[in-house]
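**Q** I have a structure here, written as structure tokens, and I will follow up with some questions on it.
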Amino acid sequence: MTFGTVITAMVTPFGVDGKLDVAAIAPLANHLVNLGNDGIVVNGTTGESATVDDDEKLTVLQEVINAVGGKAKVIAGVGSNDTAHSIRLAKDAKRVGADASLIVTPYYNKPSADGLYAHFIAVTEATDLPVMIYDIPGRSAIAIPKDVMMRLAEHPLILANKDARADLAFSTEMIRNSGLQWFSGDDILNLPMLSIGAHGFVSVCGHLVADRLKQMRDAFVSGNVETALKLNQDLVPVYTSVMSTIPGVMAVKAALSLQGHLKNVVRLPLVPANEKQITELKRGLTEGGISL
């Protein structure tokens, strides 16, 4: 497996002073693998990559590789809206031993289709790492067009796509025609994505329920759709409490803090979940079968 199947986009632990909590990184990575993840994305969106500097990114990546390398695939987020910067991050990831790279659509600049293609190819060809591209128009302001996706799929190192565009019609067509491994990037769509041919998930909720995500995927691919559906329905309160009540990383860090894995610290412009949000989060997670 180049990337794994149940992959969590890992949060970046910070101390109460806002600095990187290096001591918490390896235990968290081991927790994720023990919970059932066979892949970890480091320095992705949920890792607050926009506010983690390059030296910190390298430290987190090295700590995760040292902790779980060989037990799970370690996928380095190397995307930015500056191609030269992404190339440097990709080379650093290769140097310290990442298994693959994740390249997000360049955000804010809104490049043309040709610019998008050129960006992905330039970063891909900076190393020989297998590449998962990351299509998330809600954050990048642009979606990867069909023709660009198809052209990218022809490159021998571009093997997969993390799909966070919530467009099942597009996904169905691309899974059929591109040949890329497809990964759900929206937890609420994990089972629908499997039903149209997705390979696995790059999850936020995997911090908390990777074991049940694995069970759901295993049930589905073995043909036990009824069991997969029941598992998915039981997870809906988790999906919604993490991704709707409080956006993503803020909710996960609050939950992991309640479980004793790290401190509930995020970096501005994010702020920690407030008391009311945490109360709502607890209610949803408890309904979803998570002990806090």
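Letters A, B, ... mark the chains of the structure tokens in the order given; residue numbers begin at 1 per chain; ligand numbers begin at 1, in order shown.
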If DSSP is run on the backbone, what residues of range 78-213 of chain A are strand (DSSP E or B)? A reply as a JSON list (two decimals) with N, CA and C atoms, in the first residue's frame would be ideal.

**A**
```
[["chain", "number", "residue", "atom", "x", "y", "z"],
["A", 100, "ALA", "N", 5.72, 9.44, 1.29],
["A", 100, "ALA", "CA", 4.99, 10.05, 0.19],
["A", 100, "ALA", "C", 4.76, 11.52, 0.53],
["A", 101, "SER", "N", 4.25, 12.26, -0.45],
["A", 101, "SER", "CA", 3.94, 13.66, -0.21],
["A", 101, "SER", "C", 2.48, 13.94, -0.58],
["A", 102, "LEU", "N", 1.93, 14.94, 0.09],
["A", 102, "LEU", "CA", 0.58, 15.43, -0.18],
["A", 102, "LEU", "C", 0.71, 16.87, -0.64],
["A", 103, "ILE", "N", 0.19, 17.16, -1.85],
["A", 103, "ILE", "CA", 0.32, 18.50, -2.43],
["A", 103, "ILE", "C", -1.07, 19.09, -2.60],
["A", 104, "VAL", "N", -1.35, 20.15, -1.84],
["A", 104, "VAL", "CA", -2.65, 20.78, -1.91],
["A", 104, "VAL", "C", -2.71, 21.76, -3.08],
["A", 131, "VAL", "N", 3.05, 10.71, -4.93],
["A", 131, "VAL", "CA", 2.31, 11.94, -4.64],
["A", 131, "VAL", "C", 0.81, 11.66, -4.55],
["A", 132, "MET", "N", 0.20, 12.24, -3.52],
["A", 132, "MET", "CA", -1.24, 12.36, -3.43],
["A", 132, "MET", "C", -1.57, 13.84, -3.60],
["A", 133, "ILE", "N", -2.36, 14.19, -4.59],
["A", 133, "ILE", "CA", -2.79, 15.58, -4.71],
["A", 133, "ILE", "C", -4.01, 15.78, -3.81],
["A", 134, "TYR", "N", -4.32, 17.03, -3.53],
["A", 134, "TYR", "CA", -5.33, 17.35, -2.52],
["A", 134, "TYR", "C", -6.22, 18.45, -3.08],
["A", 135, "ASP", "N", -7.44, 18.06, -3.41],
["A", 135, "ASP", "CA", -8.42, 18.93, -4.06],
["A", 135, "ASP", "C", -9.42, 19.42, -3.02],
["A", 158, "ILE", "N", 2.30, 10.59, -9.62],
["A", 158, "ILE", "CA", 1.03, 11.07, -9.07],
["A", 158, "ILE", "C", 0.06, 9.90, -9.07],
["A", 159, "LEU", "N", -0.19, 9.36, -7.88],
["A", 159, "LEU", "CA", -0.90, 8.09, -7.76],
["A", 159, "LEU", "C", -2.26, 8.20, -7.11],
["A", 160, "ALA", "N", -2.55, 9.34, -6.46],
["A", 160, "ALA", "CA", -3.77, 9.40, -5.66],
["A", 160, "ALA", "C", -4.29, 10.82, -5.56],
["A", 161, "ASN", "N", -5.55, 10.92, -5.14],
["A", 161, "ASN", "CA", -6.17, 12.22, -4.89],
["A", 161, "ASN", "C", -6.93, 12.16, -3.57],
["A", 162, "LYS", "N", -6.71, 13.16, -2.73],
["A", 162, "LYS", "CA", -7.56, 13.37, -1.55],
["A", 162, "LYS", "C", -8.67, 14.31, -1.97],
["A", 163, "ASP", "N", -9.90, 13.81, -1.89],
["A", 163, "ASP", "CA", -11.05, 14.51, -2.43],
["A", 163, "ASP", "C", -11.84, 15.18, -1.31],
["A", 181, "GLN", "N", -5.82, 6.34, -7.20],
["A", 181, "GLN", "CA", -6.43, 5.91, -5.96],
["A", 181, "GLN", "C", -7.16, 7.12, -5.38],
["A", 182, "TRP", "N", -8.36, 6.89, -4.91],
["A", 182, "TRP", "CA", -9.20, 7.99, -4.45],
["A", 182, "TRP", "C", -9.40, 7.88, -2.94],
["A", 183, "PHE", "N", -9.23, 8.99, -2.24],
["A", 183, "PHE", "CA", -9.38, 9.01, -0.79],
["A", 183, "PHE", "C", -10.40, 10.06, -0.40],
["A", 184, "SER", "N", -11.36, 9.65, 0.43],
["A", 184, "SER", "CA", -12.33, 10.60, 0.95],
["A", 184, "SER", "C", -11.64, 11.59, 1.87],
["A", 200, "GLY", "N", -9.85, 4.62, 0.29],
["A", 200, "GLY", "CA", -9.80, 4.80, 1.73],
["A", 200, "GLY", "C", -10.11, 6.23, 2.11],
["A", 201, "PHE", "N", -9.61, 6.63, 3.28],
["A", 201, "PHE", "CA", -9.95, 7.94, 3.84],
["A", 201, "PHE", "C", -8.68, 8.66, 4.29],
["A", 202, "VAL", "N", -8.70, 9.99, 4.14],
["A", 202, "VAL", "CA", -7.77, 10.84, 4.88],
["A", 202, "VAL", "C", -8.65, 11.63, 5.84],
["A", 203, "SER", "N", -8.61, 11.26, 7.09],
["A", 203, "SER", "CA", -9.64, 11.60, 8.05],
["A", 203, "SER", "C", -9.16, 12.60, 9.09]]
```

**Q** Using only C-alpha atoms, which residues sit within 9 Å of range 38-48 of chain A once same-chain residues fewer than 3 positions away are excluded, as a count of residues only?

**A** 40

**Q** So that each row is one residue of range 94-207 of chain A with an atom at most 9 Å from range 215-218 of chain A, can you give its shortest atom pair and the distance in Å to one decimal, using only C-alpha atoms, rows by chain and rising number, as CSV?

**A**
```
residue,atom,partner,partner_atom,distance
A:Asn190,CA,A:Arg217,CA,8.8
A:Leu191,CA,A:Arg217,CA,7.8
A:Leu194,CA,A:Arg217,CA,7.6
A:Gly200,CA,A:Arg217,CA,7.4
```

**Q** Write the residues of the preceding selection, restricted to all heavy atoms, as a PDB file, in the first residue's frame.

**A**
```pdb
ATOM      1  N   ASN A 190     -17.372   9.364   3.910  1.00  0.00           N
ATOM      2  CA  ASN A 190     -16.490   8.201   3.814  1.00  0.00           C
ATOM      3  C   ASN A 190     -17.177   6.987   3.184  1.00  0.00           C
ATOM      4  O   ASN A 190     -16.648   6.359   2.264  1.00  0.00           O
ATOM      5  CB  ASN A 190     -15.960   7.820   5.199  1.00  0.00           C
ATOM      6  CG  ASN A 190     -14.881   8.763   5.704  1.00  0.00           C
ATOM      7  OD1 ASN A 190     -14.288   9.513   4.928  1.00  0.00           O
ATOM      8  ND2 ASN A 190     -14.629   8.729   6.996  1.00  0.00           N
ATOM      9  N   LEU A 191     -18.350   6.638   3.677  1.00  0.00           N
ATOM     10  CA  LEU A 191     -19.033   5.467   3.121  1.00  0.00           C
ATOM     11  C   LEU A 191     -19.550   5.719   1.709  1.00  0.00           C
ATOM     12  O   LEU A 191     -19.367   4.860   0.826  1.00  0.00           O
ATOM     13  CB  LEU A 191     -20.170   5.019   4.043  1.00  0.00           C
ATOM     14  CG  LEU A 191     -20.913   3.757   3.592  1.00  0.00           C
ATOM     15  CD1 LEU A 191     -19.969   2.576   3.424  1.00  0.00           C
ATOM     16  CD2 LEU A 191     -22.034   3.404   4.577  1.00  0.00           C
ATOM     17  N   LEU A 194     -16.670   5.192  -0.566  1.00  0.00           N
ATOM     18  CA  LEU A 194     -16.373   3.770  -0.787  1.00  0.00           C
ATOM     19  C   LEU A 194     -17.324   3.176  -1.816  1.00  0.00           C
ATOM     20  O   LEU A 194     -16.920   2.356  -2.651  1.00  0.00           O
ATOM     21  CB  LEU A 194     -16.493   2.990   0.521  1.00  0.00           C
ATOM     22  CG  LEU A 194     -15.409   3.164   1.573  1.00  0.00           C
ATOM     23  CD1 LEU A 194     -15.739   2.331   2.805  1.00  0.00           C
ATOM     24  CD2 LEU A 194     -14.029   2.783   1.031  1.00  0.00           C
ATOM     25  N   GLY A 200      -9.852   4.623   0.287  1.00  0.00           N
ATOM     26  CA  GLY A 200      -9.798   4.801   1.733  1.00  0.00           C
ATOM     27  C   GLY A 200     -10.115   6.227   2.112  1.00  0.00           C
ATOM     28  O   GLY A 200     -10.784   6.950   1.368  1.00  0.00           O
TER      29      GLY A 200
END
```

**Q** Using DSSP assignments from the backbone, pull out every residue in range 5-82 of chain A that falls under helix (DSSP H, G or I) and give it to me as a PyMOL selection string.

**A** chain A and resi 22-35+49-51+54-68

**Q** If you count only C-alpha atoms, which residues fall within 12 Å of Pro247 in chain A, apart from same-chain ones fewer than 4 positions away, as an NGL selection string?

**A** :A and (45-46 or 204-205 or 239-243 or 251-254 or 270-273 or 277-278 or 281)

**Q** For a test of reading the model, state the distance in Å between CA of Val221 in chain A and CA of Met193 in chain A, rounded to one decimal.

**A**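 Value for the CA of Val221 in chain A-CA of Met193 in chain A distance: 12.1 Å.
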
**Q** Quick one, how far is CA of Ala50 in chain A from CA of Arg88 in chain A?

**A**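 According to the coordinates, CA of Ala50 in chain A and CA of Arg88 in chain A are separated by 15.4 Å.
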
**Q** Could you pull the residues within 10 Å of Leu262 in chain A, counting only C-alpha atoms, minus those fewer than 3 positions along the same chain, as a list in words?

**A**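 Residues near the query, excluding close chain neighbours: Val11, Thr12, Pro13, Phe14, Gly15, Asp21, Ala23, Ala24, Ile25, Pro27, Leu28, Lys253, Ala254, Ala255, Leu256, Ser257, Leu258, Gln259 and Val265 of chain A.
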
**Q** From the options A:Thr124, A:Ser291, A:Asn109, A:Thr2, which residue's atoms come nearest to Ser140 in chain A, counting only C-alpha atoms?

**A**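 Closest residue, counting only C-alpha atoms: A:Asn109.
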
**Q** Can you tell me, as a PDB file with N, CA, C and O atoms, in the first residue's frame, what residues are no more than 8 Å from Gly36 in chain A when counting only C-alpha atoms, ignoring any on the same chain fewer than 5 positions away?

**A**
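Final output, out_34.pdb:
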```
ATOM      1  N   VAL A   6      -6.686   3.751   5.931  1.00  0.00           N
ATOM      2  CA  VAL A   6      -7.270   4.618   6.969  1.00  0.00           C
ATOM      3  C   VAL A   6      -6.147   5.528   7.453  1.00  0.00           C
ATOM      4  O   VAL A   6      -5.245   5.096   8.175  1.00  0.00           O
ATOM      5  N   ALA A 210     -10.425   5.752  14.408  1.00  0.00           N
ATOM      6  CA  ALA A 210      -9.797   5.027  13.294  1.00  0.00           C
ATOM      7  C   ALA A 210     -10.139   3.547  13.323  1.00  0.00           C
ATOM      8  O   ALA A 210     -10.281   2.915  12.272  1.00  0.00           O
ATOM      9  N   ASP A 211     -10.282   2.983  14.517  1.00  0.00           N
ATOM     10  CA  ASP A 211     -10.620   1.564  14.613  1.00  0.00           C
ATOM     11  C   ASP A 211     -11.969   1.273  13.965  1.00  0.00           C
ATOM     12  O   ASP A 211     -12.125   0.288  13.222  1.00  0.00           O
ATOM     13  N   LYS A 214     -11.808   1.670  10.156  1.00  0.00           N
ATOM     14  CA  LYS A 214     -11.224   0.460   9.562  1.00  0.00           C
ATOM     15  C   LYS A 214     -12.257  -0.655   9.487  1.00  0.00           C
ATOM     16  O   LYS A 214     -12.359  -1.353   8.469  1.00  0.00           O
TER      17      LYS A 214
END
```

**Q** Quick check, in Å to one decimal: how far apart do CA of Val68 in chain A and CA of Gly179 in chain A lie?

**A**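 Value for the CA of Val68 in chain A-CA of Gly179 in chain A distance: 29.1 Å.
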
**Q** With only C-alpha atoms as the basis for distance, which of A:Ile188, A:Ala198, A:Ala67, A:Ala143 is at the shortest distance from Thr172 in chain A?

**A** A:Ala198

**Q** Considering only C-alpha atoms, state which residue in the set A:Asp99, A:Asp55, A:Glu154, A:Asp147 is at the smallest distance from Leu129 in chain A.

**A**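 Nearest candidate to Leu129 in chain A out of A:Asp99, A:Asp55, A:Glu154, A:Asp147: A:Asp99.
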